[in-house]
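What follows is the content of data_21.csv (CSV, C-alpha atoms and all ligand atoms).
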chain,number,residue,atom,x,y,z
A,1,MET,CA,0.0,0.0,0.0
A,2,ASP,CA,1.3,3.4,-0.9
A,3,ALA,CA,0.4,6.0,1.7
A,4,LYS,CA,3.0,8.6,0.9
A,5,LYS,CA,1.8,11.9,-0.4
A,6,ARG,CA,2.9,12.9,-3.9
A,7,ILE,CA,4.9,15.8,-5.1
A,8,PHE,CA,5.4,17.2,-8.6
A,9,SER,CA,7.6,20.1,-9.6
A,10,GLY,CA,9.5,21.3,-12.7
A,11,ILE,CA,11.8,23.9,-14.1
A,12,GLN,CA,12.0,25.1,-17.7
A,13,PRO,CA,15.3,24.4,-19.5
A,14,SER,CA,14.9,27.8,-21.1
A,15,GLY,CA,18.3,29.0,-19.6
A,16,GLU,CA,20.9,27.9,-17.1
A,17,LEU,CA,19.6,27.1,-13.6
A,18,THR,CA,20.1,30.1,-11.3
A,19,LEU,CA,20.7,30.6,-7.6
A,20,GLY,CA,17.0,31.7,-7.5
A,21,SER,CA,15.7,28.4,-8.9
A,22,TYR,CA,18.0,26.5,-6.5
A,23,MET,CA,17.0,28.4,-3.3
A,24,GLY,CA,13.3,28.8,-4.3
A,25,ALA,CA,12.7,25.3,-5.6
A,26,ILE,CA,15.4,22.6,-5.9
A,27,LYS,CA,16.8,23.0,-2.3
A,28,ASN,CA,13.3,22.3,-1.1
A,29,TRP,CA,12.9,19.3,-3.3
A,30,THR,CA,16.0,17.7,-1.9
A,31,ALA,CA,14.5,17.9,1.6
A,32,LEU,CA,11.1,16.6,0.5
A,33,GLN,CA,12.4,13.6,-1.4
A,34,HIS,CA,12.8,11.6,1.8
A,35,GLU,CA,9.2,11.9,2.9
A,36,TYR,CA,7.2,12.0,-0.3
A,37,ASP,CA,6.8,10.2,-3.6
A,38,CYS,CA,8.3,12.8,-6.0
A,39,LEU,CA,8.3,13.5,-9.7
A,40,PHE,CA,10.9,16.1,-10.8
A,41,CYS,CA,10.5,17.2,-14.4
A,42,ILE,CA,12.4,19.1,-17.0
A,43,VAL,CA,9.6,21.1,-18.7
A,44,ASP,CA,10.9,21.5,-22.2
A,45,MET,CA,7.5,21.9,-23.6
A,46,HIS,CA,7.0,25.0,-21.5
A,47,ALA,CA,10.4,26.3,-22.6
A,48,ILE,CA,9.3,26.7,-26.3
A,49,THR,CA,6.7,29.2,-25.3
A,50,VAL,CA,9.5,31.6,-26.1
A,51,ARG,CA,11.9,31.1,-29.0
A,52,GLN,CA,14.7,28.6,-28.2
A,53,ASN,CA,17.7,27.6,-30.2
A,54,PRO,CA,17.1,23.8,-30.7
A,55,ALA,CA,20.7,22.7,-30.1
A,56,ASP,CA,20.9,24.8,-26.9
A,57,LEU,CA,17.6,23.5,-25.6
A,58,ARG,CA,18.6,19.9,-26.1
A,59,ARG,CA,22.0,20.4,-24.4
A,60,ARG,CA,20.4,22.3,-21.5
A,61,SER,CA,17.7,19.7,-20.9
A,62,VAL,CA,20.3,17.0,-20.3
A,63,ALA,CA,22.5,19.4,-18.3
A,64,GLN,CA,19.6,20.3,-16.1
A,65,LEU,CA,19.0,16.6,-15.3
A,66,ALA,CA,22.7,16.3,-14.3
A,67,GLN,CA,22.4,19.4,-12.2
A,68,TYR,CA,19.2,18.1,-10.5
A,69,ILE,CA,21.2,15.0,-9.5
A,70,ALA,CA,24.2,17.0,-8.5
A,71,CYS,CA,22.0,19.1,-6.2
A,72,GLY,CA,21.2,15.9,-4.3
A,73,LEU,CA,18.1,14.5,-6.0
A,74,ASP,CA,18.3,10.8,-6.1
A,75,PRO,CA,17.1,9.1,-9.3
A,76,GLU,CA,16.6,5.9,-7.5
A,77,LYS,CA,14.1,7.6,-5.1
A,78,ASN,CA,12.4,10.0,-7.4
A,79,ILE,CA,10.9,9.9,-10.9
A,80,MET,CA,13.1,12.3,-12.9
A,81,PHE,CA,12.1,12.9,-16.5
A,82,ILE,CA,11.7,15.2,-19.5
A,83,GLN,CA,8.2,16.5,-20.1
A,84,SER,CA,8.1,15.9,-23.9
A,85,HIS,CA,8.8,12.2,-23.3
A,86,VAL,CA,5.4,11.8,-21.7
A,87,PRO,CA,2.8,12.7,-24.3
A,88,GLN,CA,-0.1,12.6,-21.8
A,89,HIS,CA,1.0,16.1,-20.6
A,90,ALA,CA,-0.1,17.6,-24.0
A,91,GLU,CA,-3.2,15.4,-24.1
A,92,LEU,CA,-4.5,16.4,-20.7
A,93,SER,CA,-3.6,20.0,-21.4
A,94,TRP,CA,-6.1,20.0,-24.3
A,95,VAL,CA,-8.9,18.8,-22.1
A,96,LEU,CA,-8.1,21.2,-19.2
A,97,GLY,CA,-7.9,24.1,-21.7
A,98,CYS,CA,-11.6,23.4,-22.3
A,99,PHE,CA,-12.2,24.0,-18.6
A,100,THR,CA,-10.2,27.2,-18.3
A,101,GLN,CA,-11.6,30.7,-19.0
A,102,PHE,CA,-9.9,33.1,-21.4
A,103,GLY,CA,-10.1,35.8,-18.7
A,104,GLU,CA,-8.3,33.7,-16.1
A,105,LEU,CA,-5.3,33.2,-18.3
A,106,GLY,CA,-5.2,36.9,-19.2
A,107,ARG,CA,-4.8,37.8,-15.5
A,108,MET,CA,-1.6,35.7,-15.0
A,109,THR,CA,1.3,38.1,-14.2
A,110,GLN,CA,3.9,35.8,-15.8
A,111,PHE,CA,1.9,36.1,-19.1
A,112,LYS,CA,1.6,39.8,-18.8
A,113,ASP,CA,5.4,40.2,-18.1
A,114,LYS,CA,6.5,37.8,-20.8
A,115,SER,CA,4.2,39.2,-23.4
A,116,GLN,CA,5.6,42.6,-22.7
A,117,LYS,CA,9.1,41.3,-23.0
A,118,HIS,CA,8.4,39.3,-26.2
A,119,ALA,CA,5.9,41.8,-27.8
A,120,ASP,CA,6.7,40.5,-31.3
A,121,ASN,CA,5.9,36.9,-30.5
A,122,ILE,CA,2.9,36.6,-28.1
A,123,THR,CA,1.9,33.1,-29.0
A,124,ALA,CA,-1.1,31.0,-28.0
A,125,GLY,CA,1.4,28.7,-26.2
A,126,LEU,CA,2.6,31.6,-24.0
A,127,PHE,CA,-1.1,32.3,-23.1
A,128,THR,CA,-2.1,28.7,-22.4
A,129,TYR,CA,1.2,27.9,-20.5
A,130,PRO,CA,-0.6,27.7,-17.1
A,131,VAL,CA,-3.0,25.0,-18.5
A,132,LEU,CA,0.0,22.8,-19.5
A,133,MET,CA,1.4,23.4,-16.0
A,134,ALA,CA,-2.0,22.4,-14.5
A,135,ALA,CA,-1.8,19.2,-16.6
A,136,ASP,CA,1.7,18.5,-15.3
A,137,ILE,CA,0.5,18.6,-11.7
A,138,LEU,CA,-3.0,17.0,-12.1
A,139,LEU,CA,-1.8,14.0,-14.2
A,140,TYR,CA,0.1,12.7,-11.2
A,141,GLN,CA,-2.6,13.5,-8.6
A,142,ALA,CA,0.1,15.6,-6.8
A,143,ASP,CA,-0.6,16.8,-3.3
A,144,LEU,CA,2.1,19.3,-3.1
A,145,VAL,CA,3.9,21.5,-5.6
A,146,PRO,CA,7.2,23.0,-4.2
A,147,VAL,CA,7.9,26.2,-6.1
A,148,GLY,CA,9.2,29.7,-5.6
A,149,ALA,CA,6.7,32.5,-4.7
A,150,ASP,CA,6.4,33.7,-8.3
A,151,GLN,CA,4.6,30.4,-9.2
A,152,MET,CA,1.9,30.8,-6.6
A,153,GLN,CA,-0.6,32.3,-9.0
A,154,HIS,CA,-0.2,29.4,-11.4
A,155,VAL,CA,-0.7,26.8,-8.7
A,156,GLU,CA,-3.9,28.7,-7.6
A,157,LEU,CA,-5.2,28.5,-11.1
A,158,CYS,CA,-4.4,24.8,-11.3
A,159,ARG,CA,-6.5,24.4,-8.1
A,160,ASP,CA,-9.4,26.3,-9.7
A,161,ILE,CA,-9.3,24.2,-12.9
A,162,ALA,CA,-9.2,21.0,-10.8
A,163,ASN,CA,-12.1,22.1,-8.6
A,164,ARG,CA,-14.1,23.0,-11.7
A,165,PHE,CA,-13.5,19.7,-13.3
A,166,ASN,CA,-14.2,17.8,-10.1
A,167,TYR,CA,-17.5,19.7,-9.8
A,168,ASN,CA,-18.6,18.5,-13.2
A,169,PHE,CA,-17.0,15.0,-12.8
A,170,PRO,CA,-16.5,14.2,-9.1
A,171,ASP,CA,-13.5,12.4,-7.8
A,172,THR,CA,-11.2,13.0,-10.7
A,173,PHE,CA,-8.3,15.1,-9.4
A,174,THR,CA,-6.4,15.6,-6.1
A,175,ILE,CA,-6.4,19.3,-5.3
A,176,PRO,CA,-2.8,20.3,-5.0
A,177,GLU,CA,-1.2,22.8,-2.7
A,178,ALA,CA,1.8,25.1,-3.3
A,179,PHE,CA,4.7,24.6,-1.0
A,180,ILE,CA,6.8,27.7,-0.7
A,181,PRO,CA,10.1,27.8,1.2
A,182,LYS,CA,10.4,30.1,4.3
A,183,MET,CA,13.9,31.3,3.3
A,184,GLY,CA,14.7,32.0,-0.4
A,185,ALA,CA,11.2,32.0,-1.8
A,186,ARG,CA,12.1,35.2,-3.7
A,187,VAL,CA,15.7,35.8,-4.6
A,188,MET,CA,16.0,39.2,-6.2
A,189,SER,CA,18.4,40.3,-9.0
A,190,LEU,CA,21.8,41.5,-7.7
A,191,GLY,CA,21.7,44.4,-10.2
A,192,ALA,CA,18.0,45.5,-9.7
A,193,PRO,CA,16.8,44.2,-6.3
A,194,GLU,CA,13.2,45.2,-7.0
A,195,ASN,CA,13.1,42.4,-9.7
A,196,LYS,CA,13.2,38.7,-9.4
A,197,MET,CA,16.5,37.0,-10.2
A,198,SER,CA,15.6,35.3,-13.4
A,199,LYS,CA,17.6,33.2,-16.0
A,200,SER,CA,16.2,35.2,-18.8
A,201,GLU,CA,17.7,38.4,-17.3
A,202,PRO,CA,21.4,37.5,-17.1
A,203,ASP,CA,22.2,40.9,-15.6
A,204,GLY,CA,22.3,40.5,-11.8
A,205,CYS,CA,21.7,36.8,-12.1
A,206,VAL,CA,24.0,34.1,-10.5
A,207,PHE,CA,24.0,30.8,-12.3
A,208,LEU,CA,24.4,27.5,-10.6
A,209,MET,CA,27.4,26.7,-12.8
A,210,ASP,CA,29.1,30.2,-12.6
A,211,LYS,CA,32.9,30.1,-11.9
A,212,PRO,CA,33.9,31.2,-8.4
A,213,GLU,CA,35.6,34.4,-9.7
A,214,ASP,CA,32.4,35.4,-11.6
A,215,ILE,CA,30.3,34.8,-8.5
A,216,MET,CA,32.6,36.9,-6.4
A,217,ARG,CA,32.6,39.7,-9.0
A,218,LYS,CA,28.7,39.7,-9.2
A,219,PHE,CA,28.4,39.9,-5.4
A,220,LYS,CA,31.0,42.6,-5.0
A,221,ARG,CA,29.1,44.7,-7.6
A,222,ALA,CA,25.6,44.0,-6.1
A,223,VAL,CA,23.5,47.1,-5.9
A,224,THR,CA,23.0,48.2,-2.2
A,225,ASP,CA,22.1,51.6,-0.8
A,226,CYS,CA,23.9,54.7,0.6
A,227,GLU,CA,23.7,53.7,4.3
A,228,THR,CA,26.3,51.4,6.0
A,229,ALA,CA,24.2,49.2,8.2
A,230,VAL,CA,23.7,45.5,7.3
A,231,ARG,CA,20.0,45.4,8.3
A,232,TYR,CA,17.0,43.5,7.0
A,233,ASP,CA,14.4,46.0,5.7
A,234,VAL,CA,12.9,45.1,2.3
A,235,GLU,CA,11.1,48.3,1.9
A,236,ASN,CA,14.0,50.7,2.4
A,237,LYS,CA,17.0,48.4,1.8
A,238,PRO,CA,16.0,45.9,-0.9
A,239,GLY,CA,19.6,45.1,-2.0
A,240,ILE,CA,21.0,44.4,1.5
A,241,SER,CA,17.8,42.5,2.5
A,242,ASN,CA,18.2,40.3,-0.6
A,243,LEU,CA,21.9,39.7,0.2
A,244,LEU,CA,20.9,38.7,3.8
A,245,THR,CA,18.3,36.3,2.4
A,246,ILE,CA,20.9,34.7,0.2
A,247,TYR,CA,23.5,34.5,2.9
A,248,CYS,CA,21.1,32.9,5.3
A,249,ALA,CA,19.8,30.4,2.7
A,250,ALA,CA,23.4,29.5,1.9
A,251,THR,CA,24.6,29.1,5.4
A,252,GLY,CA,21.5,28.1,7.4
A,253,LYS,CA,21.9,31.1,9.7
A,254,THR,CA,19.0,33.2,10.8
A,255,ILE,CA,18.6,36.9,9.7
A,256,ALA,CA,19.2,38.0,13.3
A,257,ASP,CA,22.4,36.1,13.6
A,258,ALA,CA,23.7,37.4,10.3
A,259,GLU,CA,22.8,41.0,11.2
A,260,ALA,CA,24.7,40.6,14.5
A,261,GLU,CA,27.7,39.0,12.6
A,262,PHE,CA,28.1,42.0,10.4
A,263,ALA,CA,26.9,44.7,12.8
A,264,ASP,CA,30.2,46.5,13.0
A,265,GLN,CA,31.2,45.9,9.4
A,266,GLY,CA,30.5,47.8,6.2
A,267,TYR,CA,29.2,46.5,2.9
A,268,GLY,CA,32.8,46.1,1.7
A,269,ILE,CA,33.2,43.1,4.1
A,270,PHE,CA,29.6,41.9,3.9
A,271,LYS,CA,29.2,41.6,0.1
A,272,PRO,CA,32.3,39.4,-0.5
A,273,ALA,CA,31.3,37.3,2.5
A,274,VAL,CA,28.0,36.5,0.8
A,275,GLY,CA,29.8,35.7,-2.4
A,276,GLU,CA,32.1,33.3,-0.5
A,277,ALA,CA,29.2,31.6,1.1
A,278,VAL,CA,27.6,31.0,-2.3
A,279,VAL,CA,30.8,29.8,-3.8
A,280,GLU,CA,31.1,27.2,-1.0
A,281,LEU,CA,27.5,26.2,-1.4
A,282,LEU,CA,27.9,25.6,-5.1
A,283,ARG,CA,31.3,24.1,-5.2
A,284,PRO,CA,30.3,20.4,-4.6
A,285,ILE,CA,27.3,20.8,-6.9
A,286,GLN,CA,29.4,22.1,-9.7
A,287,GLU,CA,32.0,19.3,-9.3
A,288,GLU,CA,29.3,16.6,-9.3
A,289,ALA,CA,27.5,18.1,-12.3
A,290,GLY,CA,30.7,18.3,-14.3
A,291,ARG,CA,31.4,14.6,-13.5
A,292,LEU,CA,27.9,13.5,-14.5
A,293,MET,CA,27.9,15.4,-17.8
A,294,LYS,CA,30.7,13.1,-18.9
A,295,ASP,CA,28.5,10.1,-18.4
A,296,LYS,CA,25.9,10.6,-21.0
A,297,ALA,CA,24.8,6.9,-21.0
A,298,TYR,CA,23.9,7.2,-17.3
A,299,LEU,CA,21.9,10.4,-17.8
A,300,GLU,CA,20.1,8.7,-20.7
A,301,GLN,CA,19.2,5.8,-18.6
A,302,VAL,CA,17.8,8.0,-15.8
A,303,TYR,CA,15.5,10.0,-18.1
A,304,GLN,CA,14.4,6.9,-20.0
A,305,ASP,CA,13.5,5.1,-16.8
A,306,GLY,CA,11.8,8.2,-15.5
A,307,ALA,CA,9.7,8.6,-18.6
A,308,GLN,CA,8.6,5.0,-18.4
A,309,LYS,CA,7.5,5.3,-14.8
A,310,ALA,CA,5.8,8.7,-15.4
A,311,GLN,CA,3.9,7.4,-18.4
A,312,TYR,CA,2.4,4.6,-16.3
A,313,LEU,CA,1.0,7.0,-13.7
A,314,ALA,CA,0.0,9.6,-16.3
A,315,ASN,CA,-1.9,7.1,-18.3
A,316,LYS,CA,-4.1,6.1,-15.4
A,317,THR,CA,-5.3,9.7,-14.9
A,318,LEU,CA,-5.7,10.3,-18.6
A,319,ARG,CA,-7.8,7.2,-19.2
A,320,LYS,CA,-10.1,8.3,-16.3
A,321,VAL,CA,-10.4,11.8,-17.7
A,322,TYR,CA,-11.2,10.7,-21.2
A,323,LYS,CA,-13.9,8.4,-19.9
A,324,LYS,CA,-15.4,11.1,-17.7
A,325,VAL,CA,-15.7,13.6,-20.5
A,326,GLY,CA,-17.3,11.1,-22.8
A,327,PHE,CA,-14.6,10.0,-25.3
A,328,VAL,CA,-15.2,6.5,-26.8
A,329,PRO,CA,-12.5,4.1,-25.5
A,330,ALA,CA,-10.1,3.1,-28.3
A,331,LYS,CA,-10.1,-0.5,-27.0
B,401,LIG,P1,12.4,32.7,-16.7
B,401,LIG,O1,13.4,33.7,-16.6
B,401,LIG,O2,12.4,31.9,-18.0
B,401,LIG,O3,11.0,33.1,-16.2
B,401,LIG,P2,13.1,31.7,-14.1
B,401,LIG,O4,14.5,32.0,-13.9
B,401,LIG,O5,12.1,32.5,-13.4
B,401,LIG,O6,12.8,31.6,-15.6
B,401,LIG,P3,11.7,29.2,-13.8
B,401,LIG,O7,12.1,28.1,-14.6
B,401,LIG,O8,10.5,30.0,-14.1
B,401,LIG,O9,13.0,30.2,-13.6
B,401,LIG,O10,11.6,28.8,-12.2
B,401,LIG,C1,12.1,27.6,-11.7
B,401,LIG,C2,11.7,27.4,-10.3
B,401,LIG,O11,12.5,28.3,-9.5
B,401,LIG,C3,10.2,27.9,-10.0
B,401,LIG,O12,9.7,27.1,-8.9
B,401,LIG,C4,10.4,29.3,-9.5
B,401,LIG,O13,9.4,29.6,-8.6
B,401,LIG,C5,11.7,29.2,-8.8
B,401,LIG,N1,12.4,30.5,-8.9
B,401,LIG,C6,12.8,31.0,-10.1
B,401,LIG,N2,13.4,32.2,-9.8
B,401,LIG,C7,13.4,32.4,-8.5
B,401,LIG,C8,13.8,33.4,-7.6
B,401,LIG,N3,14.5,34.5,-8.1
B,401,LIG,N4,13.6,33.3,-6.3
B,401,LIG,C9,13.0,32.2,-5.8
B,401,LIG,N5,12.6,31.2,-6.6
B,401,LIG,C10,12.7,31.3,-7.9
B,402,LIG,N1,5.9,27.3,-14.6
B,402,LIG,C1,7.0,26.9,-13.8
B,402,LIG,C2,7.6,25.6,-14.3
B,402,LIG,C3,6.6,24.5,-14.3
B,402,LIG,C4,6.1,23.9,-13.1
B,402,LIG,C5,5.2,22.9,-13.5
B,402,LIG,C6,6.4,24.0,-11.7
B,402,LIG,C7,6.0,23.9,-15.3
B,402,LIG,N2,5.2,23.0,-14.9
B,402,LIG,C8,4.5,22.1,-12.6
B,402,LIG,C9,5.7,23.2,-10.8
B,402,LIG,C10,4.8,22.2,-11.3
B,402,LIG,C11,8.0,28.0,-13.8
B,402,LIG,O1,8.0,28.8,-14.6
B,402,LIG,N3,8.9,28.0,-12.9

Starting from the file, give its structure as structure tokens.
Ligand code: ATP
Ligand code: LTN
Amino acid sequence: MDAKKRIFSGIQPSGELTLGSYMGAIKNWTALQHEYDCLFCIVDMHAITVRQNPADLRRRSVAQLAQYIACGLDPEKNIMFIQSHVPQHAELSWVLGCFTQFGELGRMTQFKDKSQKHADNITAGLFTYPVLMAADILLYQADLVPVGADQMQHVELCRDIANRFNYNFPDTFTIPEAFIPKMGARVMSLGAPENKMSKSEPDGCVFLMDKPEDIMRKFKRAVTDCETAVRYDVENKPGISNLLTIYCAATGKTIADAEAEFADQGYGIFKPAVGEAVVELLRPIQEEAGRLMKDKAYLEQVYQDGAQKAQYLANKTLRKVYKKVGFVPAK
């Protein structure tokens, strides 16, 4: 009997993984894998909602798997796979799209931001992106969805779609909940601390695989303010508050401890100390990811295995959904 609750989460291989995606999502996954049945996905179908170079997308999808493992996710324990290998995601997405309102999708802030950024290419895919995300989650009857704070709105929409579907066709989907970390839920850009650190904005962004000297340079250059006190105050000191968040997420210290540690020291000491903490945090991950990238056969085996297990689970839900909406069984 399987009494464990289930988790689903994913990250788009639309760029290199960032310190934000690590602290907001992956770090949480590594803690949760021991208590839950987890599926961790590389959502390549989401990535093509904005133009991608095909060769880069292919390389990054495999590199992302290597980095998931290097961050501590165990392929023996979790189902780790590439979204496009499981066709049920696209199939369920179509059905759920017929249970989603045009107005709901128009209210999504990620859609509004990205359609502003890519004004010359606002595709239907970018608009219906949250429906595919709902399909990802609902296919596996996930209980929890560990993501950064920016994804809260998408998980809420997923719940609305699932509730609506269940209202029409009872007992179809588990209603999932977002699981947002206490520390690191929103890592901000080092160059513009009012914006989220994001892989599509390389300025002010620290990548998981950045060289130590680049990490140090980025932190030394981080935008702060014209005071001298290392104090947590998001409203008035967004840059310093963000650095404190990163420092604490990297070291496990509390904000109060970190404030006390740097009480008599200026930003000139504090900024490189944050950089060093991040370098140390990432060093073992980078070494392991580098090693895994040389073992393509192993990575291939992990994603093939993952796809097979994911398809088995996905198919169960999809059959149920097709039956409920009134499709004639193929056999
Ligand atoms: P894009 O620039 O393409 O929007 P992104 O850098 O925001 O990408 P995603 O793939 O959208 O990254 O996010 C991956 C996961 O990491 C999600 O769960 C998201 O909530 C989380 N995440 C991303 N950026 C941050 C951040 N700056 N702080 C905390 N969590 C983040
Ligand atoms: N939309 C998410 C990535 C994503 C996801 C998911 C996260 C796609 N499908 C399912 C959790 C569960 C993002 O942009 N970070």

Can you check which parts of chain A lie within 6 Å of ligand LIG 401 (chain B)? Per residue, the shortest pair of atoms and distance in Å to one decimal, counting only C-alpha atoms and all ligand atoms, sorted by chain and number, as a Markdown table.
| residue | atom | partner | partner_atom | distance |
| --- | --- | --- | --- | --- |
| A:Ile11 | CA | B:LIG401 | O7 | 4.2 |
| A:Gln12 | CA | B:LIG401 | O7 | 4.3 |
| A:Ser14 | CA | B:LIG401 | O2 | 5.7 |
| A:Gly20 | CA | B:LIG401 | C8 | 3.6 |
| A:Ser21 | CA | B:LIG401 | O11 | 3.3 |
| A:Gly24 | CA | B:LIG401 | N5 | 3.4 |
| A:Ala25 | CA | B:LIG401 | O12 | 4.8 |
| A:Val147 | CA | B:LIG401 | O12 | 3.4 |
| A:Gly148 | CA | B:LIG401 | O13 | 3.0 |
| A:Ala149 | CA | B:LIG401 | O13 | 5.6 |
| A:Asp150 | CA | B:LIG401 | O13 | 5.1 |
| A:Gln151 | CA | B:LIG401 | O13 | 4.9 |
| A:Gly184 | CA | B:LIG401 | C9 | 5.7 |
| A:Ala185 | CA | B:LIG401 | C9 | 4.4 |
| A:Arg186 | CA | B:LIG401 | N4 | 3.6 |
| A:Val187 | CA | B:LIG401 | N4 | 3.7 |
| A:Met188 | CA | B:LIG401 | N3 | 5.3 |
| A:Lys196 | CA | B:LIG401 | N3 | 4.6 |
| A:Met197 | CA | B:LIG401 | N3 | 3.8 |
| A:Ser198 | CA | B:LIG401 | O4 | 3.5 |
| A:Lys199 | CA | B:LIG401 | O4 | 3.9 |
| A:Ser200 | CA | B:LIG401 | O1 | 3.9 |

Those selected residues, please, written with C-alpha atoms and delivered as a PDB file, keeping the file's coordinate frame.
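Saved to part27.pdb:
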ATOM      1  CA  ILE A  11      11.800  23.900 -14.100  1.00  0.00           C
ATOM      2  CA  GLN A  12      12.000  25.100 -17.700  1.00  0.00           C
ATOM      3  CA  SER A  14      14.900  27.800 -21.100  1.00  0.00           C
ATOM      4  CA  GLY A  20      17.000  31.700  -7.500  1.00  0.00           C
ATOM      5  CA  SER A  21      15.700  28.400  -8.900  1.00  0.00           C
ATOM      6  CA  GLY A  24      13.300  28.800  -4.300  1.00  0.00           C
ATOM      7  CA  ALA A  25      12.700  25.300  -5.600  1.00  0.00           C
ATOM      8  CA  VAL A 147       7.900  26.200  -6.100  1.00  0.00           C
ATOM      9  CA  GLY A 148       9.200  29.700  -5.600  1.00  0.00           C
ATOM     10  CA  ALA A 149       6.700  32.500  -4.700  1.00  0.00           C
ATOM     11  CA  ASP A 150       6.400  33.700  -8.300  1.00  0.00           C
ATOM     12  CA  GLN A 151       4.600  30.400  -9.200  1.00  0.00           C
ATOM     13  CA  GLY A 184      14.700  32.000  -0.400  1.00  0.00           C
ATOM     14  CA  ALA A 185      11.200  32.000  -1.800  1.00  0.00           C
ATOM     15  CA  ARG A 186      12.100  35.200  -3.700  1.00  0.00           C
ATOM     16  CA  VAL A 187      15.700  35.800  -4.600  1.00  0.00           C
ATOM     17  CA  MET A 188      16.000  39.200  -6.200  1.00  0.00           C
ATOM     18  CA  LYS A 196      13.200  38.700  -9.400  1.00  0.00           C
ATOM     19  CA  MET A 197      16.500  37.000 -10.200  1.00  0.00           C
ATOM     20  CA  SER A 198      15.600  35.300 -13.400  1.00  0.00           C
ATOM     21  CA  LYS A 199      17.600  33.200 -16.000  1.00  0.00           C
ATOM     22  CA  SER A 200      16.200  35.200 -18.800  1.00  0.00           C
TER      23      SER A 200
END

Option closest in space to Asn315 in chain A, from A:Cys71, A:Leu32, A:Leu92, A:Leu208 [counting all atoms listed in the file]: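 Among the listed residues, the smallest separation from Asn315 in chain A belongs to A:Leu92.
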
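Neighbourhood of point (20.6, 9.3, -23.1): residues with an atom at most 12 Å away, counting all atoms listed in the file, are Arg58, Arg59, Ser61, Val62, Ala63, Leu65, Ala66, Phe81, Ile82, Met293, Lys294, Asp295, Lys296, Ala297, Tyr298, Leu299, Glu300, Gln301, Val302, Tyr303, Gln304, Asp305, Gly306 and Ala307 of chain A.
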
Surroundings of ligand LIG 402 (chain B) up to 7 Å, based on all atoms listed in the file, as number ranges by chain: A: 8-12, 43, 46, 130, 132-134, 136-137, 145-147, 151

Leu243 in chain A environment, 9 Å, only C-alpha atoms, sequence neighbours closer than 3 positions dropped, as a ChimeraX atom specification: /A:187-188,190,219,222,224,238-240,246-248,270-271,274

Grab the residues selected above and save them as a PDB file, keeping the file's coordinate frame with C-alpha atoms.
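Okay, result-v6.pdb is ready:
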ATOM      1  CA  VAL A 187      15.700  35.800  -4.600  1.00  0.00           C
ATOM      2  CA  MET A 188      16.000  39.200  -6.200  1.00  0.00           C
ATOM      3  CA  LEU A 190      21.800  41.500  -7.700  1.00  0.00           C
ATOM      4  CA  PHE A 219      28.400  39.900  -5.400  1.00  0.00           C
ATOM      5  CA  ALA A 222      25.600  44.000  -6.100  1.00  0.00           C
ATOM      6  CA  THR A 224      23.000  48.200  -2.200  1.00  0.00           C
ATOM      7  CA  PRO A 238      16.000  45.900  -0.900  1.00  0.00           C
ATOM      8  CA  GLY A 239      19.600  45.100  -2.000  1.00  0.00           C
ATOM      9  CA  ILE A 240      21.000  44.400   1.500  1.00  0.00           C
ATOM     10  CA  ILE A 246      20.900  34.700   0.200  1.00  0.00           C
ATOM     11  CA  TYR A 247      23.500  34.500   2.900  1.00  0.00           C
ATOM     12  CA  CYS A 248      21.100  32.900   5.300  1.00  0.00           C
ATOM     13  CA  PHE A 270      29.600  41.900   3.900  1.00  0.00           C
ATOM     14  CA  LYS A 271      29.200  41.600   0.100  1.00  0.00           C
ATOM     15  CA  VAL A 274      28.000  36.500   0.800  1.00  0.00           C
TER      16      VAL A 274
END

Spatial neighbours of Leu282 in chain A, 8 Å, all atoms listed in the file, chain gap at least 4 places, as a PyMOL selection string: chain A and resi 208-209+278+286

Residue neighbourhood Met108 in chain A, 12 Å, all atoms listed in the file, exclusion window fewer than 5 positions, as a PyMOL selection string: chain A and resi 101-103+113-115+126-131+150-158

May I have the selected residues written with C-alpha atoms, as a PDB file, in the frame of the given file?
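The resulting result-v9.pdb:
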ATOM      1  CA  GLN A 101     -11.600  30.700 -19.000  1.00  0.00           C
ATOM      2  CA  PHE A 102      -9.900  33.100 -21.400  1.00  0.00           C
ATOM      3  CA  GLY A 103     -10.100  35.800 -18.700  1.00  0.00           C
ATOM      4  CA  ASP A 113       5.400  40.200 -18.100  1.00  0.00           C
ATOM      5  CA  LYS A 114       6.500  37.800 -20.800  1.00  0.00           C
ATOM      6  CA  SER A 115       4.200  39.200 -23.400  1.00  0.00           C
ATOM      7  CA  LEU A 126       2.600  31.600 -24.000  1.00  0.00           C
ATOM      8  CA  PHE A 127      -1.100  32.300 -23.100  1.00  0.00           C
ATOM      9  CA  THR A 128      -2.100  28.700 -22.400  1.00  0.00           C
ATOM     10  CA  TYR A 129       1.200  27.900 -20.500  1.00  0.00           C
ATOM     11  CA  PRO A 130      -0.600  27.700 -17.100  1.00  0.00           C
ATOM     12  CA  VAL A 131      -3.000  25.000 -18.500  1.00  0.00           C
ATOM     13  CA  ASP A 150       6.400  33.700  -8.300  1.00  0.00           C
ATOM     14  CA  GLN A 151       4.600  30.400  -9.200  1.00  0.00           C
ATOM     15  CA  MET A 152       1.900  30.800  -6.600  1.00  0.00           C
ATOM     16  CA  GLN A 153      -0.600  32.300  -9.000  1.00  0.00           C
ATOM     17  CA  HIS A 154      -0.200  29.400 -11.400  1.00  0.00           C
ATOM     18  CA  VAL A 155      -0.700  26.800  -8.700  1.00  0.00           C
ATOM     19  CA  GLU A 156      -3.900  28.700  -7.600  1.00  0.00           C
ATOM     20  CA  LEU A 157      -5.200  28.500 -11.100  1.00  0.00           C
ATOM     21  CA  CYS A 158      -4.400  24.800 -11.300  1.00  0.00           C
TER      22      CYS A 158
END

Residue among A:Leu73, A:Gln308, A:Met216, A:Ala330 lying closest to Glu280 in chain A, counting all atoms listed in the file: A:Met216
